[in-house]
Every structure is written in C-alpha cells, then in structure tokens.
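Read through the structure below, which is laid out as structure tokens, and then see the notes.
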Amino acid sequence: MTGVESPAYVPGHGLLRGRTAVVTAAAGAGIGGATARRFLEEGARVVISDAHTRRLKEYEAELGRAFPGAVSAVPCDVTDEAQVRALFDAAAAEHGRLDVVVNNAGLGGTAELADMTDEQWTRVLDVTLNGTFRCTRAALRAMRETGGGVIVNNASVVGWRAQAGQAHYAAAKAGVMALTRCAAVEAAAYGVRVNAVAPSLAMHPHLVKVTSAELLAELTAREAFGRYAEPWEVANVIVFLASGYSSYMTGEVVAVSSRHA
C-alpha cells in the first residue's frame, strides 16, 4: 500500500486562550510533547511534567524560547502519589486554578501472557492505569473547588482490539476507558468534563526504540491511509476535547485512527 502523505501542520486559532493546563509525560517526544506545544499555540499557559527530569528541562527551555513566560516544568513520576500531589499543588500555586489536565503518561512493552512476569504486568498497570487514576483524582479535587474544567485521558485502540504480546497494555488502556466514563458521570455535577482519545499508531522516537521494525511495518500497513499518525494529529483532537467546541461531550472515548483491520 502506498501511504498518503502527512497533512500540513495546522496553525493555532486561540481555542485555549487564557486557560491553564497540565500535561503529563510531556518531555518532548510523542503525544505529550506535541500536546503541550499545541496548547501553547492555542493560547494556554502550560505546566509540563515527566519522570525524565533532564529531558523535561530541555523541552521546557525549548518551548520557553518560543512561548516566553507561558510554560513551566514540574518533574513527576505518576506512580508516586506524593509527586502527583506536588505537581498539582505547584500548578495551582503558580496559576491559581487548573482548567485542563491531559493524562498522557503510559508504559508499554511486549510479552506473551504465558511468559509475562508479575513485575511486567504490575509496572505497566501502575504507570498506565493507576497513574491516570492518581492524576484524574488530583485534577477532580482541584476542579471541584474552582467549579469546572476538562480532563483528557490518553487511551489506545488496543483497549478495544486484541494484539498479541499486549495483554498488560491492553488491559491498562481498557481500564483507562472505563475510568474515563465513570469519572465523567461523577464529575458532571461540578462542571467538569472527562473524555479520552484512543490513538492507533502515532510515531515518535521512543516507540521506535521499543518496537521492532517488523511490527511497526505491520501496524502501519493496517492503517487505511497507509501511514502512521503524527503526534500533533492526536494532539489536535486533544485540543478539540479541551476546548469549548466539545462542550456537550463527556465520558467519550474518541478513536484517533484510520485502522481498517
């Protein structure tokens, strides 16, 4: 299959002007970094976070040169409740309130279920599902006090579709979807919307490091466009869910995918 070329980058339209956002796992590469940049282009003030402190600081400096005074960084390992609390306390202290939280942190890996260790299973679940729970809980507590906000979680089409070697990751992402729906029902009473995106294949350097070239080629071939998504294409959907254009959407999981098989 001949792949369709990636579209031109879409400029910002001020959709998040004046809002404050926290984005986890946003140390440059991938969907988190792309989301942080897109939010800044849309006029938001952004607190980026990641467990990789060096890369986080480097990306903070890069974004700061393009968007002076609009971005700050707080290191956070989402498996540590104390660090999650410190992240949200720091963001609230700096900006007074939180309007948008993007829970992007997740961990993958490949292991056949019969050979999977407890440590492999637990580590993926703790980062991907438990980490999303911890950050969603912190966001809801903050937004409940200020009377509104938006939470966007990063799920995956693997939460719907079976893939060999991905039982732990698929279970975690299916959990993120269920968490999103339940949180949305509870949060509606105090004006908070909770939705999720479910990308299929968004290419970034870390994915290339942890995934074989053969599997990436196979997954790319399954996409109707014959290409992977650019991280900013997923970020565009996150911008939509964070903006007023999706004001009547909550509890939804939006596939960002062209997969046909």
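Identifiers in this document derive from the order of the structure tokens: chains are assigned A, B, ..., residues are numbered from 1 separately in each chain, and ligands are numbered from 1 in order of occurrence.
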
(Q) Using DSSP secondary structure from the backbone, list all alpha helix (DSSP H) positions within segment 31-208 of chain A, as a VMD selection string. (A) chain A and resid 31 to 41 53 to 66 81 to 95 118 to 125 131 to 146 167 to 187 205 to 208

Set out as CSV a contact list for segment 6-42 of chain A and segment 48-54 of chain A with a cut-off of 9 Å, giving each residue of segment 6-42 of chain A that qualifies its closest atom pair and distance in Å to one decimal, counting only C-alpha atoms, ordered by chain and rising residue number.
residue,atom,partner,partner_atom,distance
A:Ala21,CA,A:Ile48,CA,8.4
A:Val22,CA,A:Ile48,CA,5.9
A:Val23,CA,A:Ile48,CA,5.1
A:Thr24,CA,A:Ser49,CA,4.7
A:Ala25,CA,A:Asp50,CA,4.5
A:Ala26,CA,A:Ile48,CA,5.7
A:Ala27,CA,A:Asp50,CA,5.8
A:Gly32,CA,A:Ile48,CA,8.6
A:Gly33,CA,A:Ile48,CA,8.3
A:Ala36,CA,A:Ile48,CA,6.9

Written selection (N, CA and C atoms) as an mmCIF file, in the first residue's frame:
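Contents of the output file again37.cif:
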data_model
loop_
_atom_site.group_PDB
_atom_site.id
_atom_site.type_symbol
_atom_site.label_atom_id
_atom_site.label_comp_id
_atom_site.auth_asym_id
_atom_site.auth_seq_id
_atom_site.Cartn_x
_atom_site.Cartn_y
_atom_site.Cartn_z
ATOM 1 N N ALA A 21 -3.162 24.652 31.757
ATOM 2 C CA ALA A 21 -3.210 23.212 31.516
ATOM 3 C C ALA A 21 -2.010 22.515 32.130
ATOM 4 N N VAL A 22 -2.219 21.291 32.572
ATOM 5 C CA VAL A 22 -1.155 20.381 32.978
ATOM 6 C C VAL A 22 -1.134 19.222 31.998
ATOM 7 N N VAL A 23 0.053 18.880 31.513
ATOM 8 C CA VAL A 23 0.204 17.751 30.587
ATOM 9 C C VAL A 23 1.274 16.829 31.146
ATOM 10 N N THR A 24 0.940 15.573 31.397
ATOM 11 C CA THR A 24 1.928 14.623 31.908
ATOM 12 C C THR A 24 2.633 13.909 30.751
ATOM 13 N N ALA A 25 3.787 13.335 31.075
ATOM 14 C CA ALA A 25 4.613 12.645 30.080
ATOM 15 C C ALA A 25 4.825 13.534 28.858
ATOM 16 N N ALA A 26 5.329 14.728 29.106
ATOM 17 C CA ALA A 26 5.434 15.754 28.062
ATOM 18 C C ALA A 26 6.864 16.240 27.893
ATOM 19 N N ALA A 27 7.807 15.312 27.908
ATOM 20 C CA ALA A 27 9.224 15.705 27.828
ATOM 21 C C ALA A 27 9.739 15.756 26.396
ATOM 22 N N GLY A 32 2.517 13.631 24.279
ATOM 23 C CA GLY A 32 2.519 14.621 25.355
ATOM 24 C C GLY A 32 3.229 15.897 24.981
ATOM 25 N N GLY A 33 4.406 15.762 24.392
ATOM 26 C CA GLY A 33 5.141 16.942 23.963
ATOM 27 C C GLY A 33 4.411 17.708 22.883
ATOM 28 N N ALA A 36 1.506 19.624 24.488
ATOM 29 C CA ALA A 36 1.954 20.836 25.172
ATOM 30 C C ALA A 36 2.192 21.966 24.182
#

Considering only C-alpha atoms, give me a table of residues in segment 111-197 of chain A that are at most 8 Å from segment 246-253 of chain A, with the closest atom pair and distance in Å for each, as JSON lines.
{"residue": "A:Ala155", "atom": "CA", "partner": "A:Val253", "partner_atom": "CA", "distance": 7.9}
{"residue": "A:Met177", "atom": "CA", "partner": "A:Val253", "partner_atom": "CA", "distance": 6.6}
{"residue": "A:Thr180", "atom": "CA", "partner": "A:Gly251", "partner_atom": "CA", "distance": 5.9}
{"residue": "A:Arg181", "atom": "CA", "partner": "A:Gly251", "partner_atom": "CA", "distance": 4.2}
{"residue": "A:Cys182", "atom": "CA", "partner": "A:Gly251", "partner_atom": "CA", "distance": 7.3}
{"residue": "A:Ala183", "atom": "CA", "partner": "A:Gly251", "partner_atom": "CA", "distance": 7.6}
{"residue": "A:Ala184", "atom": "CA", "partner": "A:Gly251", "partner_atom": "CA", "distance": 4.9}
{"residue": "A:Val185", "atom": "CA", "partner": "A:Gly251", "partner_atom": "CA", "distance": 7.1}
{"residue": "A:Arg193", "atom": "CA", "partner": "A:Thr250", "partner_atom": "CA", "distance": 5.1}
{"residue": "A:Val194", "atom": "CA", "partner": "A:Thr250", "partner_atom": "CA", "distance": 5.3}
{"residue": "A:Asn195", "atom": "CA", "partner": "A:Glu252", "partner_atom": "CA", "distance": 5.0}
{"residue": "A:Ala196", "atom": "CA", "partner": "A:Val253", "partner_atom": "CA", "distance": 4.6}
{"residue": "A:Val197", "atom": "CA", "partner": "A:Val253", "partner_atom": "CA", "distance": 5.5}

Okay, now the selection with N, CA and C atoms, as a PDB file, in the first residue's frame?
ATOM      1  N   ALA A 155      -5.936   6.965  26.018  1.00  0.00           N
ATOM      2  CA  ALA A 155      -6.179   5.526  25.983  1.00  0.00           C
ATOM      3  C   ALA A 155      -5.476   4.948  24.752  1.00  0.00           C
ATOM      4  N   MET A 177     -10.237   3.651  29.709  1.00  0.00           N
ATOM      5  CA  MET A 177     -11.528   3.970  29.100  1.00  0.00           C
ATOM      6  C   MET A 177     -12.656   3.890  30.118  1.00  0.00           C
ATOM      7  N   THR A 180     -12.451   6.721  32.592  1.00  0.00           N
ATOM      8  CA  THR A 180     -12.918   7.957  31.960  1.00  0.00           C
ATOM      9  C   THR A 180     -14.429   8.068  32.031  1.00  0.00           C
ATOM     10  N   ARG A 181     -15.124   6.998  31.679  1.00  0.00           N
ATOM     11  CA  ARG A 181     -16.589   7.034  31.665  1.00  0.00           C
ATOM     12  C   ARG A 181     -17.159   7.216  33.071  1.00  0.00           C
ATOM     13  N   CYS A 182     -16.610   6.494  34.057  1.00  0.00           N
ATOM     14  CA  CYS A 182     -17.111   6.611  35.428  1.00  0.00           C
ATOM     15  C   CYS A 182     -16.801   7.987  36.018  1.00  0.00           C
ATOM     16  N   ALA A 183     -15.587   8.477  35.774  1.00  0.00           N
ATOM     17  CA  ALA A 183     -15.216   9.799  36.282  1.00  0.00           C
ATOM     18  C   ALA A 183     -16.119  10.874  35.677  1.00  0.00           C
ATOM     19  N   ALA A 184     -16.469  10.730  34.413  1.00  0.00           N
ATOM     20  CA  ALA A 184     -17.312  11.728  33.745  1.00  0.00           C
ATOM     21  C   ALA A 184     -18.678  11.830  34.401  1.00  0.00           C
ATOM     22  N   VAL A 185     -19.258  10.684  34.766  1.00  0.00           N
ATOM     23  CA  VAL A 185     -20.569  10.684  35.416  1.00  0.00           C
ATOM     24  C   VAL A 185     -20.503  11.402  36.759  1.00  0.00           C
ATOM     25  N   ARG A 193     -15.739  18.085  32.596  1.00  0.00           N
ATOM     26  CA  ARG A 193     -15.886  17.092  31.521  1.00  0.00           C
ATOM     27  C   ARG A 193     -14.666  16.189  31.505  1.00  0.00           C
ATOM     28  N   VAL A 194     -14.883  14.894  31.264  1.00  0.00           N
ATOM     29  CA  VAL A 194     -13.803  13.919  31.213  1.00  0.00           C
ATOM     30  C   VAL A 194     -13.975  13.066  29.962  1.00  0.00           C
ATOM     31  N   ASN A 195     -13.014  13.148  29.058  1.00  0.00           N
ATOM     32  CA  ASN A 195     -13.036  12.363  27.831  1.00  0.00           C
ATOM     33  C   ASN A 195     -11.672  11.720  27.609  1.00  0.00           C
ATOM     34  N   ALA A 196     -11.576  10.908  26.580  1.00  0.00           N
ATOM     35  CA  ALA A 196     -10.305  10.252  26.268  1.00  0.00           C
ATOM     36  C   ALA A 196     -10.115  10.167  24.768  1.00  0.00           C
ATOM     37  N   VAL A 197      -8.858  10.108  24.369  1.00  0.00           N
ATOM     38  CA  VAL A 197      -8.515   9.777  22.982  1.00  0.00           C
ATOM     39  C   VAL A 197      -7.965   8.358  22.959  1.00  0.00           C
TER      40      VAL A 197
END

Q: Assign secondary structure with DSSP using the backbone only, and return the residues of segment 5-217 of chain A in strand (DSSP E) as a count of residues only.
A: 29

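Minimum atom-to-atom distances from A:Gln83, A:Asp89, A:Gly148, A:Gly43 to Val71 of chain A were compared using only C-alpha atoms, and the lowest value belongs to A:Gly43.
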